[in-house]
Amino acid sequence: MKNRLTLNIAAGMVLGVIAGYVCHTSLSDPAMVKAVAGYFSIVTDIFLRLIKMIIAPLVFATLVSGLAGMDSGQDVGRIGLRSVGWFVCASLLSLSLGLVLANLLQPGAGLHLVESTGEVNTGLNTSALNVKDVITHAFPTSLLDAMARNDILQILVFSVFLGLALSALKRDERVKIVIHAIDGMVPVMLRLTNYVMRAAPLGVFGAIASAVTLRGADVLYTYGKLIGSFYLGLALLWAILIGMGYLFLGRRIGALLKSVREPAMIAFSTASSEAAYPRLTEQLERFGVDKKVVGFTLPLGYAFNLDGSMMYQAFAAIFIAQAFGVDMPVSQQIFMLLVLMLSSKGMASVPRGSVVVVAAVAPMFHLPAAGVAMVLAIDQILDMGRTMTNVIGNSVATAVIAKWEGARRARSDDDARVFDQVEAGAK
């Protein structure tokens with residue numbers, strides 16, 4: 001069933017390209033082209049709505065169930081610190097790699113673009129990029145409001161508090177009823193996820209067909225140098241992430257990649273991390289990752305560990321500087337890297353969050369707004385690759401954290417056995 005769904009998703013991508021190309025070449029009226037593309041996107045919109053429907057309860061149930069079963073709040077703190085440490089290192093790596101490759105490959109060199117005197121409206125809400133607002137936004141005023149907006153970060157914060165409270169009171173018979181009820185929600189949500197995922201090939205077909213119908217084959221090779229350079233960078237980032245995973249997981253890294261290939265394809269074809277989340281949760285647990293680690297680390301990673309998006313931000317900023325002839329010394333680029341790293345945290349819930357970060361940081365380094373609009377024109381193609389990379393990065397991070405936790409528990413069990421033997425000998 002799993003292999004069949006993966007094959008169907010790939011078939012949906014190919015058929016989407018064919019159907020979109022036929023419609024684009026056979027229709028001459030721009031209004032008709034736009035209308036047909038809109039009809040194709042109906043299928044994708046329905047699929048993404050179904051995904052959004054299950055995201056909030058799935059995150060809530062898996063995270064609270066995992067935290068409620070932990071022995072103490074120390075487990076949460078330890079897993080959280082390890083996760084954040086990994087996320088910070090991965091973010092610095094992704095940004096640095098994007099910076100180096102953009103300077104080596106020079107994707108924007110030779111364009112010689114001139115900044116327009118008029119302000120270009122990119123249609124992006126850059127006012128969302130505010131350190132104070134990002135921090136306070138993490139704490140919800142209402143769980144129902146956070147769930148209605150599928151704000152993973154706010155759901156995560158509430159679930160952590162609720163999970164810790166249930167863990168502290170889990171010996172109370174009345175509380176056990178609540179814990180059992182939430183535990184029972186997890187398999188139900190996973191079964192519902194299976195039902196929704198059966199529509200994935202149709203959603204993929206609609207997304208690809210709509211994009212190709214609107215822009216034709218040009219959408220596949222316009223801005224070829226930027227797209228090719230960026231995807232080369234993603235390939236190198238993949239190699240590094242997989243290599244880091246191999247250091248901790250050994251040969252099981254291959255089994256991990258095989259397990260998450262389906263959610264990775266969904267993320268690539270729909271350019272939506274949310275679309276991949278339900279299946280990714282299920283596949284990581286099937287791979288053998290403790291559901292407590294999955295329930296805590298994965299939502300946290302979705303908010304803070306966006307490896308592909310990090311590389312994109314550095315790549316896009318340097319591309320704009322090269323295209324418009326803006327001189328950026330190495331020292332200024334390094335400072336921009338740190339600003340991008342801090343600014344991007346908590347931006348996962350903002351539409352086109354990666355572009356928003358670039359648009360908001362650009363004025364600080366005298367980068368033209370027109371450059372942001374230019375990158376935005378092909379952002380859908382770039383978004384597919386960076387979203388897929390985000391899924392791979394979070395999969396590796398979650399599996400490594402679980403490996404560390406497993407090794408710690410094994411050492412604790414060994415210490416307990418040695419202590420028991422010493423006590424028995426003393427008696």
# chains A, B, ... in the order shown; residues from 1 in each chain; ligands from 1
call {"tool": "residues_around", "arguments": {"residues": "Gly245 in chain A", "least_positions_apart": "5", "cutoff": "8 Å", "atoms": "only C-alpha atoms", "output": "PyMOL selection string"}}
result
chain A and resi 250+253+396-397+400
call {"tool": "write_last_selection", "arguments": {"atoms": "C-alpha atoms", "output": "JSON list (two decimals), in the first residue's frame"}}
result
[["chain", "number", "residue", "atom", "x", "y", "z"],
["A", 250, "GLY", "CA", 24.91, 4.29, 11.17],
["A", 253, "ILE", "CA", 20.05, 6.30, 8.01],
["A", 396, "VAL", "CA", 17.15, 13.26, 10.75],
["A", 397, "ALA", "CA", 17.03, 15.55, 13.80],
["A", 400, "VAL", "CA", 19.12, 11.44, 16.25]]
call {"tool": "residues_around", "arguments": {"residues": "Ala200 in chain A", "least_positions_apart": "5", "cutoff": "9 Å", "atoms": "only C-alpha atoms", "output": "PDB file with C-alpha atoms, in the first residue's frame"}}
result
ATOM      1  CA  LEU A   5       0.846   5.460  -2.844  1.00  0.00           C
ATOM      2  CA  ASN A   8       0.703   7.194  -7.477  1.00  0.00           C
ATOM      3  CA  ILE A   9       2.165  10.461  -6.179  1.00  0.00           C
ATOM      4  CA  GLY A  12       0.343  12.508 -10.330  1.00  0.00           C
ATOM      5  CA  THR A  44      -5.272  20.744  -4.399  1.00  0.00           C
ATOM      6  CA  PHE A  47      -6.558  18.136  -0.232  1.00  0.00           C
ATOM      7  CA  PHE A 205      -1.736  16.437  -9.785  1.00  0.00           C
ATOM      8  CA  ILE A 266       4.278  15.182  -0.685  1.00  0.00           C
ATOM      9  CA  ALA A 275       0.761  18.385   4.038  1.00  0.00           C
TER      10      ALA A 275
END
call {"tool": "closest_atom_pairs", "arguments": {"of": "range 274-352 of chain A", "to": "range 222-240 of chain A", "cutoff": "9 Å", "atoms": "only C-alpha atoms", "output": "Markdown table"}}
result
| residue | atom | partner | partner_atom | distance |
| --- | --- | --- | --- | --- |
| A:Asp307 | CA | A:Leu237 | CA | 8.4 |
| A:Gly308 | CA | A:Leu234 | CA | 7.0 |
| A:Met311 | CA | A:Leu234 | CA | 7.8 |
| A:Tyr312 | CA | A:Phe230 | CA | 7.4 |
| A:Phe315 | CA | A:Phe230 | CA | 7.2 |
| A:Ala316 | CA | A:Leu226 | CA | 8.9 |
| A:Phe319 | CA | A:Leu226 | CA | 7.9 |
call {"tool": "closest_residue", "arguments": {"among": "A:Gly393, A:Gly203, A:Gly163, A:Gly38", "to": "Gly66 in chain A", "atoms": "only C-alpha atoms"}}
result
A:Gly163
call {"tool": "closest_residue", "arguments": {"among": "A:Leu101, A:Ile392, A:Ala11, A:Ile381", "to": "Val212 in chain A", "atoms": "only C-alpha atoms"}}
result
A:Ile381
call {"tool": "atom_distance", "arguments": {"atom1": "CA of Gln333 in chain A", "atom2": "CA of Asp379 in chain A"}}
result
22.2 Å
call {"tool": "residues_around", "arguments": {"residues": "Gly184 in chain A", "least_positions_apart": "5", "cutoff": "10 Å", "atoms": "only C-alpha atoms", "output": "ChimeraX atom specification"}}
result
/A:61,65,178-179,189
call {"tool": "residues_around", "arguments": {"residues": "Val196 in chain A", "least_positions_apart": "2", "cutoff": "12 Å", "atoms": "only C-alpha atoms", "output": "number ranges by chain"}}
result
A: 5, 46-55, 189-194, 198-203, 275-276, 278-279
call {"tool": "write_last_selection", "arguments": {"atoms": "N, CA and C atoms", "output": "tab-separated table (two decimals), in the first residue's frame"}}
result
chain	number	residue	atom	x	y	z
A	5	LEU	N	1.14	4.04	-3.02
A	5	LEU	CA	0.85	5.46	-2.84
A	5	LEU	C	2.01	6.31	-3.35
A	46	ILE	N	-8.76	21.33	-1.86
A	46	ILE	CA	-9.52	20.39	-1.03
A	46	ILE	C	-8.57	19.49	-0.24
A	47	PHE	N	-7.52	19.00	-0.92
A	47	PHE	CA	-6.56	18.14	-0.23
A	47	PHE	C	-5.87	18.88	0.91
A	48	LEU	N	-5.44	20.11	0.65
A	48	LEU	CA	-4.76	20.88	1.70
A	48	LEU	C	-5.71	21.24	2.83
A	49	ARG	N	-6.98	21.45	2.52
A	49	ARG	CA	-7.96	21.71	3.59
A	49	ARG	C	-8.13	20.47	4.47
A	50	LEU	N	-8.14	19.29	3.85
A	50	LEU	CA	-8.23	18.06	4.64
A	50	LEU	C	-7.01	17.91	5.54
A	51	ILE	N	-5.85	18.26	5.01
A	51	ILE	CA	-4.62	18.19	5.80
A	51	ILE	C	-4.71	19.16	6.99
A	52	LYS	N	-5.11	20.40	6.70
A	52	LYS	CA	-5.23	21.40	7.77
A	52	LYS	C	-6.24	20.95	8.82
A	53	MET	N	-7.24	20.20	8.39
A	53	MET	CA	-8.28	19.72	9.30
A	53	MET	C	-7.71	18.80	10.39
A	54	ILE	N	-6.68	18.02	10.04
A	54	ILE	CA	-6.17	17.03	10.99
A	54	ILE	C	-4.89	17.48	11.70
A	55	ILE	N	-4.26	18.56	11.23
A	55	ILE	CA	-2.97	18.98	11.80
A	55	ILE	C	-3.08	19.27	13.29
A	189	MET	N	-6.36	9.41	15.13
A	189	MET	CA	-5.86	10.45	14.24
A	189	MET	C	-4.94	9.86	13.17
A	190	LEU	N	-4.16	8.84	13.52
A	190	LEU	CA	-3.30	8.21	12.53
A	190	LEU	C	-4.12	7.48	11.48
A	191	ARG	N	-5.21	6.83	11.89
A	191	ARG	CA	-6.09	6.18	10.92
A	191	ARG	C	-6.75	7.22	10.01
A	192	LEU	N	-7.17	8.33	10.59
A	192	LEU	CA	-7.75	9.41	9.79
A	192	LEU	C	-6.72	9.96	8.81
A	193	THR	N	-5.47	10.01	9.25
A	193	THR	CA	-4.39	10.46	8.36
A	193	THR	C	-4.27	9.54	7.15
A	194	ASN	N	-4.38	8.24	7.37
A	194	ASN	CA	-4.33	7.29	6.26
A	194	ASN	C	-5.42	7.56	5.24
A	198	ARG	N	-4.82	9.16	1.07
A	198	ARG	CA	-5.23	8.52	-0.18
A	198	ARG	C	-5.58	9.54	-1.26
A	199	ALA	N	-5.84	10.76	-0.85
A	199	ALA	CA	-6.14	11.82	-1.82
A	199	ALA	C	-4.88	12.58	-2.26
A	200	ALA	N	-3.72	12.19	-1.72
A	200	ALA	CA	-2.48	12.91	-2.03
A	200	ALA	C	-2.16	12.95	-3.52
A	201	PRO	N	-2.26	11.83	-4.27
A	201	PRO	CA	-1.95	11.90	-5.71
A	201	PRO	C	-2.81	12.92	-6.45
A	202	LEU	N	-4.08	13.03	-6.08
A	202	LEU	CA	-4.95	14.01	-6.73
A	202	LEU	C	-4.52	15.43	-6.38
A	203	GLY	N	-4.17	15.66	-5.11
A	203	GLY	CA	-3.71	16.98	-4.71
A	203	GLY	C	-2.43	17.38	-5.42
A	275	ALA	N	1.28	19.54	4.76
A	275	ALA	CA	0.76	18.39	4.04
A	275	ALA	C	1.54	17.12	4.37
A	276	ALA	N	2.83	17.28	4.67
A	276	ALA	CA	3.68	16.12	4.95
A	276	ALA	C	3.65	15.71	6.42
A	278	PRO	N	1.39	14.88	8.90
A	278	PRO	CA	0.72	13.70	9.46
A	278	PRO	C	1.41	12.40	9.08
A	279	ARG	N	1.74	12.23	7.79
A	279	ARG	CA	2.40	11.00	7.36
A	279	ARG	C	3.81	10.90	7.94
call {"tool": "closest_residue", "arguments": {"among": "A:Met147, A:Leu15, A:Ala399, A:Met341", "to": "Arg252 in chain A", "atoms": "only C-alpha atoms"}}
result
A:Ala399
call {"tool": "residues_around", "arguments": {"residues": "Val59 in chain A", "least_positions_apart": "3", "cutoff": "12 Å", "atoms": "only C-alpha atoms", "output": "compact mmCIF listing (two decimals) with N, CA and C atoms, in the first residue's frame"}}
result
# COMPACT_ATOMS: atom_id res chain seq x y z
N LYS A 52 -5.11 20.40 6.70
CA LYS A 52 -5.23 21.40 7.77
C LYS A 52 -6.24 20.95 8.82
N MET A 53 -7.24 20.20 8.39
CA MET A 53 -8.28 19.72 9.30
C MET A 53 -7.71 18.80 10.39
N ILE A 54 -6.68 18.02 10.04
CA ILE A 54 -6.17 17.03 10.99
C ILE A 54 -4.89 17.48 11.70
N ILE A 55 -4.26 18.56 11.23
CA ILE A 55 -2.97 18.98 11.80
C ILE A 55 -3.08 19.27 13.29
N ALA A 56 -3.99 20.17 13.67
CA ALA A 56 -4.08 20.62 15.06
C ALA A 56 -4.36 19.47 16.03
N THR A 62 -0.59 13.75 19.89
CA THR A 62 0.70 13.06 19.96
C THR A 62 1.63 13.71 20.98
N LEU A 63 1.62 15.04 21.04
CA LEU A 63 2.53 15.73 21.96
C LEU A 63 2.09 15.55 23.41
N VAL A 64 0.81 15.76 23.70
CA VAL A 64 0.32 15.63 25.07
C VAL A 64 0.45 14.18 25.55
N SER A 65 0.13 13.23 24.68
CA SER A 65 0.25 11.82 25.04
C SER A 65 1.69 11.46 25.37
N GLY A 66 2.63 11.96 24.58
CA GLY A 66 4.03 11.68 24.84
C GLY A 66 4.53 12.30 26.12
N ALA A 146 -5.73 29.11 18.39
CA ALA A 146 -4.49 28.56 17.83
C ALA A 146 -4.79 27.36 16.93
N MET A 147 -5.72 26.51 17.35
CA MET A 147 -6.08 25.35 16.53
C MET A 147 -6.80 25.78 15.26
N ASN A 150 -4.22 26.73 12.93
CA ASN A 150 -3.15 25.73 12.77
C ASN A 150 -1.79 26.31 13.10
N ASP A 151 -1.73 27.09 14.17
CA ASP A 151 -0.47 27.68 14.61
C ASP A 151 0.28 26.65 15.45
N ILE A 152 1.20 25.93 14.82
CA ILE A 152 1.88 24.82 15.49
C ILE A 152 2.65 25.27 16.72
N LEU A 153 3.27 26.44 16.64
CA LEU A 153 4.07 26.92 17.76
C LEU A 153 3.20 27.15 19.00
N GLN A 154 2.04 27.78 18.83
CA GLN A 154 1.15 28.03 19.96
C GLN A 154 0.55 26.72 20.49
N ILE A 155 0.19 25.82 19.58
CA ILE A 155 -0.32 24.51 20.01
C ILE A 155 0.75 23.76 20.79
N LEU A 156 1.99 23.88 20.33
CA LEU A 156 3.11 23.24 21.02
C LEU A 156 3.25 23.75 22.45
N VAL A 157 3.19 25.06 22.63
CA VAL A 157 3.35 25.65 23.96
C VAL A 157 2.25 25.18 24.91
N PHE A 158 0.99 25.23 24.44
CA PHE A 158 -0.12 24.78 25.29
C PHE A 158 0.02 23.30 25.61
N SER A 159 0.38 22.50 24.61
CA SER A 159 0.47 21.05 24.81
C SER A 159 1.57 20.70 25.81
N VAL A 160 2.67 21.46 25.78
CA VAL A 160 3.75 21.22 26.75
C VAL A 160 3.25 21.44 28.17
N ILE A 182 -6.76 10.85 25.81
CA ILE A 182 -5.85 11.47 24.84
C ILE A 182 -5.00 10.41 24.15
N MET A 185 -6.82 9.01 21.36
CA MET A 185 -6.97 9.87 20.18
C MET A 185 -5.86 9.61 19.16
N VAL A 186 -4.69 9.19 19.62
CA VAL A 186 -3.53 9.07 18.73
C VAL A 186 -3.77 8.06 17.60
N MET A 189 -6.36 9.41 15.13
CA MET A 189 -5.86 10.45 14.24
C MET A 189 -4.94 9.86 13.17
N LEU A 190 -4.16 8.84 13.52
CA LEU A 190 -3.30 8.21 12.53
C LEU A 190 -4.12 7.48 11.48
N GLU A 274 2.95 21.34 6.06
CA GLU A 274 1.76 20.84 6.76
C GLU A 274 1.23 19.59 6.08
N TYR A 277 3.23 16.61 7.31
CA TYR A 277 3.37 16.37 8.76
C TYR A 277 2.66 15.10 9.24
N PRO A 278 1.39 14.88 8.90
CA PRO A 278 0.72 13.70 9.46
C PRO A 278 1.41 12.40 9.08
N ARG A 279 1.74 12.23 7.79
CA ARG A 279 2.40 11.00 7.36
C ARG A 279 3.81 10.90 7.94
N LEU A 280 4.49 12.03 8.08
CA LEU A 280 5.84 12.03 8.64
C LEU A 280 5.83 11.53 10.08
N THR A 281 4.86 11.97 10.86
CA THR A 281 4.72 11.50 12.24
C THR A 281 4.55 9.99 12.28
N GLU A 282 3.68 9.49 11.43
CA GLU A 282 3.41 8.05 11.41
C GLU A 282 4.64 7.27 10.97
N LYS A 291 7.48 7.63 20.42
CA LYS A 291 6.43 8.61 20.12
C LYS A 291 6.54 9.85 21.00
N LYS A 292 7.17 9.71 22.18
CA LYS A 292 7.38 10.88 23.04
C LYS A 292 8.33 11.87 22.36
N VAL A 294 8.98 11.97 19.05
CA VAL A 294 8.31 12.47 17.85
C VAL A 294 7.34 13.57 18.21
N GLY A 295 6.55 13.33 19.25
CA GLY A 295 5.51 14.29 19.63
C GLY A 295 6.05 15.61 20.10
N PHE A 296 7.29 15.63 20.60
CA PHE A 296 7.86 16.88 21.11
C PHE A 296 8.82 17.52 20.10
N THR A 297 9.76 16.72 19.57
CA THR A 297 10.81 17.26 18.71
C THR A 297 10.30 17.69 17.35
N LEU A 298 9.41 16.91 16.75
CA LEU A 298 8.96 17.23 15.40
C LEU A 298 8.19 18.55 15.32
N PRO A 299 7.19 18.79 16.18
CA PRO A 299 6.53 20.11 16.13
C PRO A 299 7.49 21.25 16.42
N LEU A 300 8.43 21.03 17.35
CA LEU A 300 9.42 22.06 17.64
C LEU A 300 10.29 22.32 16.42
N TYR A 302 9.39 21.89 13.30
CA TYR A 302 8.59 22.59 12.30
C TYR A 302 8.57 24.09 12.54
call {"tool": "closest_residue", "arguments": {"among": "A:Thr398, A:Met388, A:Val361, A:Gly216", "to": "Glu262 in chain A", "atoms": "only C-alpha atoms"}}
result
A:Met388
call {"tool": "closest_residue", "arguments": {"among": "A:Val260, A:Val358, A:Ile320, A:Val204", "to": "Val14 in chain A", "atoms": "only C-alpha atoms"}}
result
A:Val204
call {"tool": "atom_distance", "arguments": {"atom1": "CA of Pro140 in chain A", "atom2": "CA of Gly80 in chain A"}}
result
19.4 Å
call {"tool": "closest_residue", "arguments": {"among": "A:Ala165, A:Val100, A:Ala264, A:Ile334", "to": "Thr387 in chain A", "atoms": "only C-alpha atoms"}}
result
A:Ala264
